[in-house]
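Below is coords.tsv, holding TSV, C-alpha atoms.
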chain	number	residue	atom	x	y	z
A	16	MET	CA	-26.66	-38.12	102.67
A	17	THR	CA	-26.44	-37.71	98.98
A	18	PRO	CA	-28.83	-39.60	96.68
A	19	HIS	CA	-26.00	-42.09	96.09
A	20	GLY	CA	-25.80	-42.95	99.79
A	21	LYS	CA	-22.45	-41.22	100.41
A	22	LEU	CA	-21.75	-38.79	103.24
A	23	THR	CA	-21.49	-35.12	102.39
A	24	ARG	CA	-18.49	-33.14	103.58
A	25	ARG	CA	-20.67	-31.33	106.12
A	26	GLU	CA	-22.01	-34.61	107.55
A	27	LEU	CA	-18.52	-36.05	107.79
A	28	LEU	CA	-17.06	-33.04	109.60
A	29	THR	CA	-20.08	-32.61	111.86
A	30	GLY	CA	-19.95	-36.29	112.78
A	31	ARG	CA	-16.24	-36.07	113.62
A	32	PHE	CA	-16.85	-32.99	115.77
A	33	ARG	CA	-19.68	-34.71	117.65
A	34	GLN	CA	-17.52	-37.78	118.29
A	35	ALA	CA	-14.68	-35.60	119.60
A	36	TRP	CA	-17.12	-33.63	121.77
A	37	ASP	CA	-18.60	-36.84	123.19
A	38	ARG	CA	-15.12	-38.17	123.98
A	39	ALA	CA	-14.16	-34.92	125.71
A	40	ARG	CA	-17.39	-34.90	127.71
A	41	ALA	CA	-16.88	-38.56	128.62
A	42	ALA	CA	-13.32	-37.81	129.76
A	43	ALA	CA	-14.65	-35.07	132.03
A	44	VAL	CA	-17.11	-37.49	133.59
A	45	SER	CA	-14.47	-40.19	134.02
A	46	SER	CA	-12.06	-37.75	135.68
A	47	THR	CA	-14.16	-37.77	138.85
A	48	THR	CA	-12.64	-39.36	141.92
A	49	GLU	CA	-12.20	-43.11	142.03
A	50	ALA	CA	-14.58	-43.37	145.00
A	51	GLU	CA	-17.49	-42.25	142.83
A	52	SER	CA	-18.79	-44.91	140.50
A	53	ALA	CA	-20.62	-44.15	137.28
A	54	VAL	CA	-23.91	-45.61	136.07
A	55	ALA	CA	-25.15	-45.64	132.48
A	56	VAL	CA	-28.43	-43.93	131.61
A	57	ILE	CA	-30.04	-44.26	128.19
A	58	GLN	CA	-31.37	-41.00	126.81
A	59	GLY	CA	-34.53	-41.93	124.93
A	60	ARG	CA	-34.53	-38.86	122.70
A	61	ARG	CA	-31.15	-39.90	121.24
A	62	CYS	CA	-31.45	-43.72	121.27
A	63	LEU	CA	-32.07	-45.33	117.86
A	64	ALA	CA	-34.31	-48.00	119.40
A	65	TYR	CA	-36.61	-45.29	120.80
A	66	ARG	CA	-36.88	-43.89	117.26
A	67	ASN	CA	-38.42	-47.18	116.06
A	68	LEU	CA	-35.14	-48.46	114.59
A	69	VAL	CA	-33.76	-51.86	115.53
A	70	CYS	CA	-30.64	-51.32	117.62
A	71	THR	CA	-29.36	-53.49	120.46
A	72	THR	CA	-25.65	-52.68	120.23
A	73	CYS	CA	-25.31	-51.58	123.85
A	74	TYR	CA	-27.09	-54.71	125.08
A	75	GLU	CA	-25.02	-57.01	122.88
A	76	ARG	CA	-21.66	-55.52	123.91
A	77	CYS	CA	-22.29	-55.09	127.64
A	78	PRO	CA	-19.88	-57.36	129.56
A	79	GLU	CA	-21.91	-57.28	132.78
A	80	GLU	CA	-24.61	-59.86	133.43
A	81	ASP	CA	-28.10	-58.30	133.37
A	82	ALA	CA	-26.84	-54.70	133.46
A	83	LEU	CA	-28.79	-53.98	130.27
A	84	VAL	CA	-32.10	-55.57	129.36
A	85	ILE	CA	-34.30	-55.28	126.29
A	86	GLU	CA	-37.98	-54.73	127.04
A	87	SER	CA	-40.39	-54.39	124.11
A	88	GLY	CA	-37.43	-53.75	121.83
A	89	LEU	CA	-36.06	-50.91	123.99
A	90	PRO	CA	-32.85	-51.06	126.03
A	91	ARG	CA	-33.00	-50.30	129.75
A	92	VAL	CA	-30.13	-50.07	132.24
A	93	VAL	CA	-30.50	-51.96	135.51
A	94	SER	CA	-28.50	-49.60	137.70
A	95	ALA	CA	-28.03	-52.18	140.46
A	96	ASN	CA	-26.07	-54.37	138.00
A	97	CYS	CA	-24.26	-51.59	136.08
A	98	THR	CA	-20.59	-51.26	136.98
A	99	GLY	CA	-19.97	-48.10	134.96
A	100	CYS	CA	-17.48	-49.78	132.60
A	101	ARG	CA	-18.54	-47.40	129.77
A	102	VAL	CA	-18.62	-50.08	127.06
A	103	CYS	CA	-22.22	-49.21	126.17
A	104	HIS	CA	-21.28	-45.53	125.89
A	105	ASP	CA	-18.30	-46.26	123.66
A	106	VAL	CA	-20.18	-48.53	121.22
A	107	CYS	CA	-23.41	-46.52	120.87
A	108	PRO	CA	-23.97	-45.97	117.12
A	109	ALA	CA	-26.46	-43.10	117.48
A	110	PRO	CA	-25.45	-39.81	115.81
A	111	GLU	CA	-25.58	-38.19	119.25
A	112	ASN	CA	-24.46	-40.70	121.86
A	113	ALA	CA	-27.55	-42.00	123.66
A	114	VAL	CA	-25.72	-43.38	126.70
A	115	LEU	CA	-24.95	-40.86	129.41
A	116	MET	CA	-22.63	-41.80	132.25
A	117	ILE	CA	-23.61	-40.21	135.55
A	118	ASN	CA	-22.27	-40.56	139.07
A	119	ALA	CA	-24.11	-43.25	140.98
A	120	GLN	CA	-24.62	-40.77	143.80
A	121	ASP	CA	-26.46	-38.39	141.43
A	122	LYS	CA	-28.80	-41.14	140.18
A	123	GLY	CA	-31.40	-40.57	142.88
A	124	ARG	CA	-31.66	-36.82	142.32
How does this structure look as structure tokens?
Amino acid sequence: MTPHGKLTRRELLTGRFRQAWDRARAAAVSSTTEAESAVAVIQGRRCLAYRNLVCTTCYERCPEEDALVIESGLPRVVSANCTGCRVCHDVCPAPENAVLMINAQDKGR
């Protein structure tokens, strides 16, 4: 950011590229067969809350009861309650999306 708080051209273009890349990667994950259900996983290294910033966007927007919980200010996915609706992934404000959608079958590996 510039000293005036505005985005630089590089930051703007890089941000747009990252968003497009995240959407493409998300589309690849969602193109799996209907029989496989997805589960959200929060990547701590990318999550704003894990960087000592206050962020509960995924928790606030999750439509499923108790699928996301906040413990000590940090979000955690309860995989038994997660339906894989992808709302948390879509609303994550982190520069690099902190919510990864994985197949429920791959969760135990």
_Within 8 Å of (-22.4, -47.7, 125.8) in the file's own coordinates, which protein, DNA or RNA residues have an atom, counting only C-alpha atoms? List them as a ChimeraX atom specification._
/A:55,73,77,101-107,113-114
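Closest approach to Pro78 of chain A from the set A:Val54, A:Ile117, A:Cys100, A:Ala64 is made by A:Cys100, with distances taken over only C-alpha atoms.
Counting from atom CA of Arg25 of chain A, the distance to atom CA of Glu111 of chain A is 15.6 Å.
Nearest residue to Cys70 of chain A among A:Ala95, A:Thr29, A:Leu115, A:Leu89 is A:Leu89, counting all atoms listed in the file.
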_Expected residue set, 8 Å radius at (-34.0, -53.6, 131.9), all atoms listed in the file, as number ranges by chain_ = A: 81-86, 90-93
*Rank A:Asn96, A:Leu63, A:Arg76, A:Ser87 by their smallest atom-to-atom distance to Pro110 of chain A, using only C-alpha atoms, and report the top residue only.*
A:Leu63
*Which of these, A:Ser52, A:Leu28, A:Asn118, A:Gly88, has the shortest distance to Thr72 of chain A once you count all atoms listed in the file?*
A:Gly88
*Hey, which of A:Asn67, A:Arg24, A:Glu79, A:Gln120 ends up closest to Thr98 of chain A? Count all atoms listed in the file.*
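Answer, going by the shortest atom-to-atom distance: A:Glu79.
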*What does the distance between atom CA of Thr71 of chain A and atom CA of Asn112 of chain A come to in Å, to one decimal place?*
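Computing it gives 13.8 Å between the two atoms.
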